[in-house]
Amino acid sequence: MTSPPSSPGPGIAAADYIAGLGKGLAVLECFDTERQRLNATLAAERAGLTRAAARRHLLTLAHLGYLESDGHHFWLTPKVLGLSGSYLASARLPRTVQPVLNRLSAMAAFSFSAAILAGSETVVIARSTAQGAAQPLFAHGVHLGSRLPAHASSTGRVLLAALPLPALEEWLACRTLHRLTLHTLTQPAEMRACLDQVRAQDYCIAQEEHELGVQAIAVPLRDSAGQTVAALNAVMSAQHMTAQALTRNLLPLLRDAAQELRPLL
C-alpha cells in the first residue's frame with residue numbers, strides 16, 4: 001500500500017488541501033479481498049500512518065457508519081456501496097459502456113469488463129456476463145468496483161502502456177511488482193518490454209499472471225480526442241482458448257466495440 005500524501009502535489013494549493021481527508025480515505029482503501037478485517041496496527045502499516053492516527057480514523061469511520069467493529073478489528077459496511085453507487089449512477093463512462101458489454105456477452109459466452117487505472121490497481125466500472133456461462137472466474141469473484149493489480153492484469157497493462165513515458169517511469173519507480181503466480185512479471189525491465197509490445201500491438205493478453213487458470217485479452221478504450229480513458233477486456237479459462245484463438249476470435253469484437261464507443265466518449 002502507498003502512503004497518503006501529507007502535502008499537496010501539483011494541481012492544488014497547500015491552503016486547499018485537507019490532509020486528514022486524504023488519510024481517512026487511505027484507511028478506507030486498505031480493505032480488500034486479502035484483508036477484509038483490519039486492526040489499528042494493520043491499517044497503519046497499509047495506509048502509511050502511525051498506529052494512533054490509524055486508530056482515530058478507524059473509529060471515526062465506524063462512527064460515520066462506513067465500518068463496523070468488534071472492539072479490536074474493523075470491517076466495511078454496506079454504506080460504502082453508496083459511494084461507488086453514486087459514481088456508477090452519475091458517471092457517463094459506465095453508463096455508456098454497459099450496453100455494449102451486454103451485447104458482447106450475448107454474442108460470446110464470456111465475461112466482459114471495462115476498467116480504469118487507480119494507482120497500483122485497475123477498478124472495474126462496468127461488467128457483463130453471459131447468462132448460463134460456466135467458465136471459471138477469479139477465486140474471489142469479479143464485480144463492479146473490483147480492484148486488480150495493474151501490473152498483472154490485461155486491462156492494467158493496456159492502461160499503463162497508454163501513460164506518457166515519464167509518468168510510466170514514475171509509476172514503476174514507486175511500486176513493487178508483487179508475484180501473484182509463477183507467471184507474474186515482477187522485474188521493471190520485463191514490464192517495460194511487455195508494455196512496449198502492448199503499445200505496439202494495441203492490445204494485451206495476460207495468461208495466468210493474476211490467478212492460475214484465468215486469462216484475459218484487453219484493448220484500450222479511447223475518447224473522441226484519442227485519449228485512453230479505460231480498457232475493455234474479455235476473461236475466460238486459460239484452458240478454453242489459446243492465445244492465437246483469443247487474438248482471432250475475441251480481439252476483433254473488442255476492437256469493434258471500442259471503435260463504436262469512441263465518438264460517444
# chains A, B, ... in the order shown; residues from 1 in each chain; ligands from 1

call {"tool": "residues_around", "arguments": {"residues": "Glu121 in chain A", "least_positions_apart": "3", "cutoff": "6 Å", "atoms": "only C-alpha atoms", "output": "list in words"}}
result
Ala118, Arg147, Leu148, Pro149 and Ala150 of chain A

call {"tool": "residues_around", "arguments": {"residues": "range 56-59 of chain A", "least_positions_apart": "5", "cutoff": "8 Å", "atoms": "only C-alpha atoms", "output": "PyMOL selection string"}}
result
chain A and resi 23-24+27+40+67+74

call {"tool": "residues_around", "arguments": {"residues": "Leu185 in chain A", "least_positions_apart": "6", "cutoff": "8 Å", "atoms": "only C-alpha atoms", "output": "list of chain:residue names"}}
result
A:His151, A:Ala152, A:Leu177, A:Arg179, A:Met191, A:Glu209

call {"tool": "select_by_dssp", "arguments": {"residues": "range 134-263 of chain A", "states": "alpha helix (DSSP H)", "output": "ChimeraX atom specification"}}
result
/A:154-161,165-173,188-201,243-249,251-261

call {"tool": "select_by_dssp", "arguments": {"residues": "range 1-222 of chain A", "states": "strand (DSSP E or B)", "output": "VMD selection string"}}
result
chain A and resid 38 67 to 69 74 to 76 111 to 118 121 to 129 147 to 149 204 to 207 214 to 222

call {"tool": "residues_around", "arguments": {"residues": "Arg157 in chain A", "least_positions_apart": "5", "cutoff": "12 Å", "atoms": "only C-alpha atoms", "output": "PyMOL selection string"}}
result
chain A and resi 115-117+120-122+148-152+162-163+168+185+191-199+202-206+209+216-220+230-233

call {"tool": "atom_distance", "arguments": {"atom1": "CA of Asp223 in chain A", "atom2": "CA of Val97 in chain A"}}
result
11.8 Å

call {"tool": "closest_residue", "arguments": {"among": "A:Leu264, A:His143, A:Pro94, A:Lys79", "to": "His63 in chain A", "atoms": "only C-alpha atoms"}}
result
A:Lys79

call {"tool": "residues_around", "arguments": {"residues": "Val100 in chain A", "least_positions_apart": "6", "cutoff": "9 Å", "atoms": "only C-alpha atoms", "output": "short mmCIF file (atom, residue, chain, number, x, y, z; two decimals) with C-alpha atoms, in the first residue's frame"}}
result
data_model
loop_
_atom_site.label_atom_id
_atom_site.label_comp_id
_atom_site.auth_asym_id
_atom_site.auth_seq_id
_atom_site.Cartn_x
_atom_site.Cartn_y
_atom_site.Cartn_z
CA ALA A 257 -16.74 -2.25 -29.53
CA GLU A 260 -18.19 2.09 -31.66
CA LEU A 261 -17.83 3.74 -28.25
#

call {"tool": "atom_distance", "arguments": {"atom1": "CA of Thr186 in chain A", "atom2": "CA of Leu172 in chain A"}}
result
10.7 Å

call {"tool": "atom_distance", "arguments": {"atom1": "CA of Pro78 in chain A", "atom2": "CA of Phe31 in chain A"}}
result
13.1 Å

call {"tool": "closest_residue", "arguments": {"among": "A:Val229, A:Ile125, A:Ala62, A:Gly20", "to": "Ser86 in chain A", "atoms": "only C-alpha atoms"}}
result
A:Ile125
